[in-house]
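The structure file input.cif is reproduced below (mmCIF, C-alpha atoms and all ligand atoms).
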```cif
data_data
loop_
_atom_site.label_atom_id
_atom_site.label_comp_id
_atom_site.auth_asym_id
_atom_site.auth_seq_id
_atom_site.Cartn_x
_atom_site.Cartn_y
_atom_site.Cartn_z
CA MET Y 651 0.96 1.17 19.68
CA ILE Y 652 2.49 1.07 16.23
CA ARG Y 653 0.43 0.29 13.16
CA LEU Y 654 2.14 -0.35 9.84
CA SER Y 655 0.78 -0.22 6.26
CA ALA Y 656 2.33 0.13 2.84
CA ILE Y 657 1.67 1.01 -0.75
CA THR Y 658 3.67 -0.54 -3.58
CA PRO Y 659 5.03 1.84 -6.25
CA SER Y 660 3.99 -0.47 -9.09
CA GLY Y 661 2.08 2.42 -10.71
CA GLN Y 662 0.38 5.71 -10.04
CA VAL Y 663 -1.82 6.11 -6.97
CA HIS Y 664 -5.50 5.75 -7.92
CA LEU Y 665 -8.85 6.66 -6.43
CA GLY Y 666 -9.21 3.16 -4.92
CA ASN Y 667 -5.89 3.50 -3.06
CA TYR Y 668 -6.95 6.96 -1.87
CA LEU Y 669 -10.50 6.16 -0.70
CA GLY Y 670 -9.67 2.65 0.51
CA ALA Y 671 -6.37 3.35 2.27
CA LEU Y 672 -4.56 6.72 2.19
CA ARG Y 673 -7.50 8.76 3.42
CA THR Y 674 -7.95 6.41 6.39
CA TRP Y 675 -4.23 6.49 7.18
CA ALA Y 676 -4.46 10.30 7.25
CA ARG Y 677 -7.62 10.35 9.38
CA GLU Y 678 -6.84 7.58 11.84
CA GLY Y 679 -3.05 7.32 11.84
CA THR Y 680 -0.83 8.71 14.56
CA GLU Y 681 2.76 9.96 14.38
CA GLU Y 682 3.88 6.65 15.86
CA ASP Y 683 2.52 4.62 12.93
CA VAL Y 684 4.56 3.64 9.88
CA TYR Y 685 3.24 4.22 6.34
CA PHE Y 686 5.84 3.27 3.80
CA ILE Y 687 6.38 3.02 0.06
CA SER Y 688 7.35 -0.61 -0.55
CA ASP Y 689 9.73 -0.13 -3.46
CA LEU Y 690 11.60 -3.37 -2.65
CA HIS Y 691 8.36 -5.34 -3.04
CA ALA Y 692 7.83 -3.67 -6.43
CA MET Y 693 10.96 -5.49 -7.65
CA THR Y 694 9.52 -8.98 -7.26
CA SER Y 695 8.40 -8.94 -10.89
CA SER Y 696 9.91 -7.35 -13.97
CA HIS Y 697 10.49 -3.64 -13.30
CA ASN Y 698 11.94 -0.56 -14.89
CA PRO Y 699 14.48 1.18 -12.61
CA GLN Y 700 13.69 4.72 -13.77
CA ARG Y 701 9.97 4.21 -13.42
CA LEU Y 702 10.41 2.61 -9.99
CA ARG Y 703 12.37 5.66 -8.82
CA SER Y 704 9.85 8.15 -10.19
CA MET Y 705 6.79 6.23 -8.88
CA THR Y 706 8.39 6.01 -5.43
CA ARG Y 707 8.95 9.77 -5.38
CA GLU Y 708 5.45 10.46 -6.68
CA GLN Y 709 3.82 8.15 -4.12
CA LEU Y 710 5.80 9.75 -1.31
CA ALA Y 711 4.45 13.15 -2.39
CA VAL Y 712 0.88 11.80 -2.64
CA LEU Y 713 1.05 10.25 0.85
CA ILE Y 714 2.18 13.53 2.40
CA ALA Y 715 -0.31 15.54 0.33
CA SER Y 716 -3.08 13.23 1.58
CA GLY Y 717 -2.44 14.54 5.08
CA ILE Y 718 -0.59 11.52 6.50
CA SER Y 719 1.82 12.73 9.16
CA PRO Y 720 5.20 13.18 7.40
CA ALA Y 721 6.86 11.83 10.57
CA SER Y 722 5.24 8.45 9.95
CA VAL Y 723 6.10 8.15 6.24
CA CYS Y 724 9.21 6.45 4.86
CA VAL Y 725 10.58 4.65 1.81
CA GLN Y 726 11.37 0.97 2.33
CA SER Y 727 14.69 0.96 0.47
CA ASP Y 728 16.03 3.76 2.67
CA LEU Y 729 16.29 0.99 5.27
CA ILE Y 730 17.70 -1.58 2.88
CA ARG Y 731 20.76 -2.33 5.03
CA GLU Y 732 18.74 -2.92 8.19
CA LEU Y 733 16.00 -4.81 6.32
CA GLY Y 734 18.52 -6.86 4.34
CA ALA Y 735 20.26 -7.93 7.55
CA LEU Y 736 17.05 -8.90 9.33
CA ASN Y 737 15.69 -10.53 6.20
CA TRP Y 738 18.64 -12.94 6.23
CA VAL Y 739 18.12 -13.80 9.89
CA LEU Y 740 14.41 -14.40 9.22
CA GLU Y 741 15.10 -16.48 6.10
CA CYS Y 742 17.21 -18.64 8.39
CA THR Y 743 14.17 -18.93 10.67
CA CYS Y 744 11.69 -19.76 7.89
CA THR Y 745 11.36 -23.08 6.07
CA TYR Y 746 11.09 -23.48 2.31
CA GLY Y 747 7.73 -25.23 2.80
CA GLU Y 748 6.30 -22.23 4.64
CA ALA Y 749 7.30 -19.83 1.87
CA ALA Y 750 6.09 -22.14 -0.90
CA ARG Y 751 2.68 -22.49 0.77
CA MET Y 752 1.86 -18.80 0.34
CA ILE Y 753 -1.27 -18.55 -1.77
CA GLN Y 754 -0.14 -15.28 -3.36
CA PHE Y 755 3.05 -16.96 -4.55
CA LYS Y 756 1.05 -19.81 -6.05
CA GLU Y 757 -1.36 -17.41 -7.76
CA LYS Y 758 1.25 -14.99 -9.05
CA SER Y 759 3.59 -17.71 -10.32
CA LEU Y 760 0.86 -19.83 -11.91
CA GLY Y 761 1.49 -20.50 -15.59
CA ARG Y 762 4.72 -18.49 -15.69
CA ASP Y 763 7.91 -20.16 -16.97
CA SER Y 764 10.13 -18.05 -14.85
CA VAL Y 765 9.53 -16.08 -11.66
CA ARG Y 766 11.95 -14.09 -9.57
CA LEU Y 767 13.16 -15.86 -6.43
CA SER Y 768 12.09 -12.73 -4.55
CA LEU Y 769 8.45 -13.50 -5.38
CA LEU Y 770 8.85 -16.59 -3.20
CA THR Y 771 10.79 -14.87 -0.43
CA TYR Y 772 9.13 -11.45 -0.22
CA PRO Y 773 6.74 -12.48 2.59
CA VAL Y 774 9.91 -12.91 4.70
CA LEU Y 775 10.95 -9.37 3.78
CA MET Y 776 7.46 -8.28 4.73
CA ALA Y 777 7.98 -9.96 8.10
CA ALA Y 778 11.22 -7.98 8.43
CA ASP Y 779 9.32 -4.74 7.64
CA ILE Y 780 6.84 -5.53 10.38
CA LEU Y 781 9.17 -6.89 13.07
CA LEU Y 782 11.94 -4.34 12.62
CA GLN Y 783 9.61 -1.49 13.57
CA GLY Y 784 8.08 -3.22 16.62
CA THR Y 785 4.68 -3.20 14.95
CA ALA Y 786 1.71 -4.13 17.13
CA GLU Y 787 -1.01 -4.06 14.46
CA VAL Y 788 -0.98 -4.68 10.75
CA PRO Y 789 -4.22 -3.67 9.03
CA VAL Y 790 -4.60 -5.97 6.01
CA GLY Y 791 -7.11 -7.32 3.55
CA GLU Y 792 -7.96 -11.03 3.63
CA ASP Y 793 -5.42 -11.64 0.83
CA GLN Y 794 -2.52 -10.57 3.07
CA LEU Y 795 -3.57 -12.38 6.25
CA GLN Y 796 -1.41 -15.38 5.48
CA HIS Y 797 1.67 -13.13 5.23
CA VAL Y 798 1.01 -11.58 8.63
CA GLU Y 799 0.53 -15.11 10.03
CA LEU Y 800 4.01 -15.93 8.71
CA ALA Y 801 5.45 -12.82 10.41
CA ARG Y 802 3.82 -13.93 13.67
CA ALA Y 803 5.17 -17.48 13.32
CA LEU Y 804 8.71 -16.23 12.61
CA ALA Y 805 8.64 -13.78 15.54
CA ARG Y 806 7.51 -16.52 17.94
CA ARG Y 807 9.96 -19.08 16.60
CA PHE Y 808 12.90 -16.67 16.84
CA ASN Y 809 11.94 -15.53 20.35
CA ASN Y 810 11.60 -19.13 21.54
CA ALA Y 811 14.82 -20.35 19.95
CA TYR Y 812 17.21 -17.47 20.68
CA GLY Y 813 15.59 -15.01 23.09
CA GLU Y 814 13.02 -12.23 23.03
CA ALA Y 815 13.79 -9.86 20.18
CA PHE Y 816 10.41 -9.26 18.60
CA LEU Y 817 6.95 -8.12 19.47
CA VAL Y 818 4.45 -10.59 17.95
CA PRO Y 819 2.22 -8.47 15.68
CA ASN Y 820 -1.52 -8.83 15.26
CA ALA Y 821 -3.31 -8.69 11.94
CA VAL Y 822 -6.43 -6.56 11.96
CA VAL Y 823 -8.92 -6.79 9.15
CA PRO Y 824 -10.52 -3.35 9.03
CA LYS Y 825 -14.31 -3.10 8.72
CA VAL Y 826 -15.05 -3.47 5.05
CA GLY Y 827 -14.08 -0.10 3.60
CA ALA Y 828 -14.65 1.14 0.09
CA ARG Y 829 -13.56 -1.44 -2.50
CA ILE Y 830 -13.48 0.66 -5.61
CA LYS Y 831 -13.92 -1.15 -8.93
CA ASP Y 832 -12.55 -0.36 -12.37
CA LEU Y 833 -14.98 2.05 -14.11
CA SER Y 834 -14.86 0.18 -17.41
CA ASP Y 835 -14.73 -3.32 -15.96
CA PRO Y 836 -16.46 -3.33 -12.55
CA ALA Y 837 -15.82 -7.05 -12.16
CA ARG Y 838 -12.21 -6.08 -11.36
CA LYS Y 839 -10.95 -3.84 -8.60
CA MET Y 840 -9.40 -0.53 -9.60
CA ASP Y 841 -5.77 -1.47 -10.06
CA LYS Y 842 -2.50 0.46 -10.52
CA SER Y 843 -1.27 -2.00 -13.08
CA ALA Y 844 -4.52 -2.42 -15.04
CA ARG Y 845 -3.89 -2.99 -18.75
CA SER Y 846 -5.99 0.00 -19.73
CA SER Y 847 -6.26 3.21 -17.72
CA THR Y 848 -9.68 4.25 -19.08
CA GLY Y 849 -11.43 2.81 -16.02
CA VAL Y 850 -8.80 3.91 -13.49
CA VAL Y 851 -8.91 7.41 -12.01
CA PHE Y 852 -5.46 8.46 -10.89
CA VAL Y 853 -5.04 10.98 -8.08
CA LEU Y 854 -2.94 13.14 -10.41
CA ASP Y 855 -5.35 13.05 -13.37
CA GLU Y 856 -6.45 16.52 -14.49
CA PRO Y 857 -10.07 17.33 -13.52
CA ASP Y 858 -11.28 17.14 -17.13
CA LEU Y 859 -9.73 13.74 -17.59
CA VAL Y 860 -11.43 12.57 -14.37
CA ARG Y 861 -14.77 13.80 -15.74
CA ARG Y 862 -14.22 12.02 -19.06
CA LYS Y 863 -13.32 8.74 -17.34
CA VAL Y 864 -16.40 8.89 -15.10
CA ARG Y 865 -18.68 9.74 -18.04
CA ARG Y 866 -17.38 6.70 -19.91
CA ALA Y 867 -18.10 4.36 -16.96
CA VAL Y 868 -20.15 1.29 -17.88
CA SER Y 869 -23.85 1.36 -16.95
CA SER Y 870 -24.30 -2.27 -15.86
CA THR Y 871 -25.78 -2.98 -12.41
CA GLU Y 872 -22.25 -3.42 -11.00
CA GLY Y 873 -21.12 -0.23 -12.73
CA ILE Y 874 -23.92 1.77 -11.13
CA ALA Y 875 -23.29 0.21 -7.71
CA ASN Y 876 -19.62 1.15 -8.02
CA LEU Y 877 -20.43 4.77 -8.94
CA THR Y 878 -22.88 4.99 -6.05
CA GLU Y 879 -20.24 3.64 -3.67
CA ILE Y 880 -17.68 6.16 -4.95
CA LEU Y 881 -20.18 8.98 -4.47
CA ALA Y 882 -21.02 7.89 -0.92
CA SER Y 883 -17.36 7.50 -0.06
CA CYS Y 884 -16.48 10.99 -1.41
CA THR Y 885 -19.39 12.86 0.17
CA GLY Y 886 -19.75 10.80 3.34
CA GLU Y 887 -23.52 10.77 2.80
CA GLU Y 888 -26.14 8.31 1.63
CA PRO Y 889 -26.48 9.13 -2.08
CA GLU Y 890 -29.86 10.33 -3.32
CA ASP Y 891 -31.87 8.02 -5.58
CA PHE Y 892 -30.57 8.38 -9.13
CA THR Y 893 -32.74 5.58 -10.59
CA GLY Y 894 -33.26 6.23 -14.29
CA ARG Y 895 -30.98 9.28 -14.19
CA PHE Y 896 -27.66 7.74 -15.12
CA ALA Y 897 -26.25 10.96 -16.62
CA ASP Y 898 -27.04 12.87 -13.39
CA LEU Y 899 -25.38 10.17 -11.32
CA LYS Y 900 -22.24 10.38 -13.47
CA ASN Y 901 -22.14 14.16 -13.19
CA ALA Y 902 -22.53 13.99 -9.42
CA VAL Y 903 -19.77 11.37 -9.17
CA ALA Y 904 -17.42 13.28 -11.47
CA GLU Y 905 -17.77 16.49 -9.45
CA ALA Y 906 -17.49 14.69 -6.09
CA VAL Y 907 -14.30 12.92 -7.22
CA VAL Y 908 -12.79 16.12 -8.64
CA ASP Y 909 -13.55 17.96 -5.36
CA GLN Y 910 -12.18 15.11 -3.27
CA LEU Y 911 -8.92 14.85 -5.22
CA ARG Y 912 -8.33 18.56 -5.92
CA PRO Y 913 -6.42 19.46 -2.71
CA VAL Y 914 -4.39 16.23 -2.81
CA ARG Y 915 -3.48 16.75 -6.45
CA GLU Y 916 -2.52 20.39 -5.94
CA ARG Y 917 -0.38 19.70 -2.87
CA THR Y 918 1.30 16.75 -4.60
CA LEU Y 919 2.25 18.90 -7.57
CA GLU Y 920 3.68 21.56 -5.21
CA LEU Y 921 5.75 18.93 -3.42
CA LEU Y 922 7.02 17.42 -6.66
CA ALA Y 923 8.10 20.91 -7.73
CA ASP Y 924 10.13 21.26 -4.52
CA PRO Y 925 12.61 18.36 -4.56
CA ALA Y 926 14.58 19.76 -1.61
CA GLU Y 927 11.50 19.67 0.66
CA LEU Y 928 10.55 16.20 -0.51
CA GLU Y 929 14.09 14.99 0.11
CA ARG Y 930 14.06 16.59 3.59
CA VAL Y 931 10.84 14.77 4.53
CA ARG Y 932 12.14 11.51 3.06
CA SER Y 933 15.39 11.58 4.93
CA ALA Y 934 13.74 12.59 8.24
CA GLY Y 935 11.31 9.66 7.87
CA ALA Y 936 14.18 7.28 7.12
CA ASP Y 937 16.20 8.50 10.14
CA ARG Y 938 13.22 8.01 12.41
CA ALA Y 939 12.47 4.49 11.13
CA ARG Y 940 16.15 3.53 11.28
CA GLU Y 941 16.53 4.82 14.82
CA ARG Y 942 13.51 2.86 15.95
CA ALA Y 943 14.81 -0.28 14.21
CA GLN Y 944 18.38 -0.25 15.45
CA HIS Y 945 18.11 -1.79 18.91
CA ARG Y 946 15.79 -4.54 17.67
CA LEU Y 947 18.11 -5.39 14.79
CA ASN Y 948 21.13 -5.39 17.10
CA ALA Y 949 19.33 -7.71 19.52
CA ALA Y 950 18.31 -10.08 16.72
CA LEU Y 951 21.88 -10.22 15.35
CA ARG Y 952 23.40 -10.71 18.78
CA LEU Y 953 20.92 -13.38 19.87
CA SER Y 954 21.39 -15.35 16.67
CA GLY Y 955 25.17 -15.46 17.17
CA LEU Y 956 26.24 -12.62 14.92
CA SER Y 957 28.04 -9.33 15.46
N1 LIG Y 1001 -9.60 -0.72 -5.70
C1 LIG Y 1001 -9.30 -0.50 -4.44
N2 LIG Y 1001 -10.26 -0.08 -3.58
C2 LIG Y 1001 -9.95 0.16 -2.28
N3 LIG Y 1001 -8.72 0.02 -1.76
C3 LIG Y 1001 -7.73 -0.38 -2.57
N4 LIG Y 1001 -6.40 -0.61 -2.38
C4 LIG Y 1001 -5.85 -1.00 -3.54
N5 LIG Y 1001 -6.78 -1.05 -4.51
C5 LIG Y 1001 -7.96 -0.67 -3.95
C6 LIG Y 1001 -5.68 -0.41 -1.10
O1 LIG Y 1001 -4.59 0.46 -1.33
C7 LIG Y 1001 -3.51 0.12 -0.45
C8 LIG Y 1001 -2.22 0.03 -1.19
O2 LIG Y 1001 -2.34 -0.95 -2.19
P1 LIG Y 1001 -1.09 -1.81 -2.66
O3 LIG Y 1001 -0.03 -0.93 -3.16
O4 LIG Y 1001 -0.75 -2.78 -1.57
O5 LIG Y 1001 -1.52 -2.62 -3.86
P2 LIG Y 1001 -2.73 -3.47 -4.23
O6 LIG Y 1001 -3.65 -3.78 -3.11
O7 LIG Y 1001 -2.22 -4.62 -4.98
O8 LIG Y 1001 -3.35 -2.34 -5.10
P3 LIG Y 1001 -3.33 -2.05 -6.63
O9 LIG Y 1001 -3.53 -0.60 -6.74
O10 LIG Y 1001 -4.32 -2.95 -7.23
O11 LIG Y 1001 -1.88 -2.34 -7.15
P4 LIG Y 1001 -1.13 -3.46 -8.03
O12 LIG Y 1001 -1.40 -3.12 -9.43
O13 LIG Y 1001 0.29 -3.24 -7.64
O14 LIG Y 1001 -1.68 -4.79 -7.62
C9 LIG Y 1001 -3.91 -1.18 0.23
O15 LIG Y 1001 -4.35 -0.89 1.54
C10 LIG Y 1001 -5.04 -1.70 -0.62
O16 LIG Y 1001 -5.96 -2.47 0.13
#
```

Write out the structure in this file as structure tokens.
Amino acid sequence: MIRLSAITPSGQVHLGNYLGALRTWAREGTEEDVYFISDLHAMTSSHNPQRLRSMTREQLAVLIASGISPASVCVQSDLIRELGALNWVLECTCTYGEAARMIQFKEKSLGRDSVRLSLLTYPVLMAADILLQGTAEVPVGEDQLQHVELARALARRFNNAYGEAFLVPNAVVPKVGARIKDLSDPARKMDKSARSSTGVVFVLDEPDLVRRKVRRAVSSTEGIANLTEILASCTGEEPEDFTGRFADLKNAVAEAVVDQLRPVRERTLELLADPAELERVRSAGADRARERAQHRLNAALRLSGLS
């Protein structure tokens, strides 16, 4: 059974991505699963090509350094030809109304004079990501459920109209995992593209920088709850009672985070210093994903009257 998840290279990987997603992918994922860097989705709003390339490479290294099976990791754009082809077939299966109803599109385009057309159509590309690989389960947060529903609707509609090409995927909402908040503004989640990085701990931050960021964390009730959650998530234990000992709590959190990230950071830096190895892993992952996609893509093209 194939499960598929992604991370968007819109910025550096942070502690929230690691504790909330990457660590679980490493612990629970199998070689069959697909964990990919969604660089095509990162282009749906204004982007810098050089930064996109370097963030994609960095995220690939972090995923592998996190212990996710290299066989299950790939970069979305390495399959751009296959995805582009299926995307067109699926756009011809989707209605404008369905795409325009997506809540994320409404939210992200709200109040903006101009948005990229791809912001409207990227849920169809997401459906192509899912269907091309024969995905059975897509673990998603509530905010992405509507997109998986669209993928299900398109798979069913295509199968009914032209013949069975796709497995209809299921969305699974994982048990509420760690939702890590910004250290300086705990009303917001920790975010790759936060305006200020003072409250965001990046996986590649040096240990002293991590300690400084944790020490500067706000001490509101939400701030303390967030630190306690981070501590519990890093140590896997119920945290001791730090009531009235805010400085001790911060020290414990800082050291737990540094310990948690140290091996990932070190392995990532080694991988980034070895471009040939990183390239080898990347191209093996792409070959594997492409191979798995080919017969499904061929069937979809043939059944819809192409090729
Ligand atoms: N703060 C968080 N706590 C726990 N999990 C988190 N994730 C993201 N932020 C937190 C999980 O990380 C995976 C990859 O995230 P994504 O690339 O899909 O982007 P996102 O959810 O939009 O995360 P960001 O970091 O906030 O990025 P931008 O700035 O691009 O919006 C997902 O499994 C996500 O749940």

So which residues touch Val712 (chain Y) within 10 Å, counting all atoms listed in the file, skipping near sequence neighbours fewer than 6 positions away, as number ranges by chain? Y: 662-663, 668, 672, 706, 718, 853-854, 914-919, 921-922

Give the answer as one residue: which of Y:Phe755, Y:Phe896, Y:Phe852, Y:Phe816 has the shortest atom-to-atom distance to His797 (chain Y), using only C-alpha atoms? Y:Phe755

Can you list, as a PyMOL selection string, every protein, DNA or RNA residue that comes within 9 Å of Glu814 (chain Y) when you count only C-alpha atoms, leaving out same-chain residues fewer than 4 positions away? chain Y and resi 805-806+808-810+949-950+953

Would you mind listing what lies within 6 Å of region 817-833 of chain Y as a list of chain:residue names, with only C-alpha atoms counted and same-chain residues fewer than 2 positions away left out?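 Using only C-alpha atoms, the neighbours found are Y:Gly666, Y:Gly670, Y:Gly784, Y:Thr785, Y:Ala786, Y:Glu787, Y:Val788, Y:Pro789, Y:Val790, Y:Gly791, Y:Arg802, Y:Ala805, Y:Asp835, Y:Pro836, Y:Arg838, Y:Lys839, Y:Met840, Y:Gly849, Y:Val850, Y:Ala867.
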
So, counting all atoms listed in the file, which residue among Y:Glu920, Y:Asp763, Y:Asp841, Y:Glu905 is closest to ligand LIG 1001 (chain Y)?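 Of Y:Glu920, Y:Asp763, Y:Asp841, Y:Glu905, the one nearest ligand LIG 1001 (chain Y) is Y:Asp841, counting all atoms listed in the file.
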
Out of Y:Gln754, Y:Ser688, Y:Ser655, Y:Gln783, which residue has the shortest atom-to-atom distance to Glu732 (chain Y) when counting only C-alpha atoms?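 Checking each of Y:Gln754, Y:Ser688, Y:Ser655, Y:Gln783 against Glu732 (chain Y), counting only C-alpha atoms, the winner is Y:Gln783.
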
Pick the closest to Gln709 (chain Y) from Y:Arg865, Y:Arg807, Y:Arg751, Y:Lys842: which is it, counting all atoms listed in the file? Y:Lys842

Given all atoms listed in the file as the counted atoms, nearest of Y:Arg673, Y:Ile714, Y:Ala844, Y:Ser933 to Ser660 (chain Y):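 For Ser660 (chain Y), the nearest of the given residues is Y:Ala844.
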
So which residues touch Pro857 (chain Y) within 8 Å, counting only C-alpha atoms, skipping near sequence neighbours fewer than 3 positions away, as a list of chain:residue names?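 Here the answer would be Y:Val860, Y:Arg861, Y:Val908, Y:Arg912.
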
Residues from last step as file, C-alpha atoms, as a CSV table (one decimal), keeping the file's coordinate frame:
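That gives us again27.csv:
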```csv
chain,number,residue,atom,x,y,z
Y,860,VAL,CA,-11.4,12.6,-14.4
Y,861,ARG,CA,-14.8,13.8,-15.7
Y,908,VAL,CA,-12.8,16.1,-8.6
Y,912,ARG,CA,-8.3,18.6,-5.9
```

Of the candidates Y:Asp793, Y:Asp891, Y:Asp924, Y:Glu748, which one gets nearest to ligand LIG 1001 (chain Y) if we count all atoms listed in the file? Y:Asp793
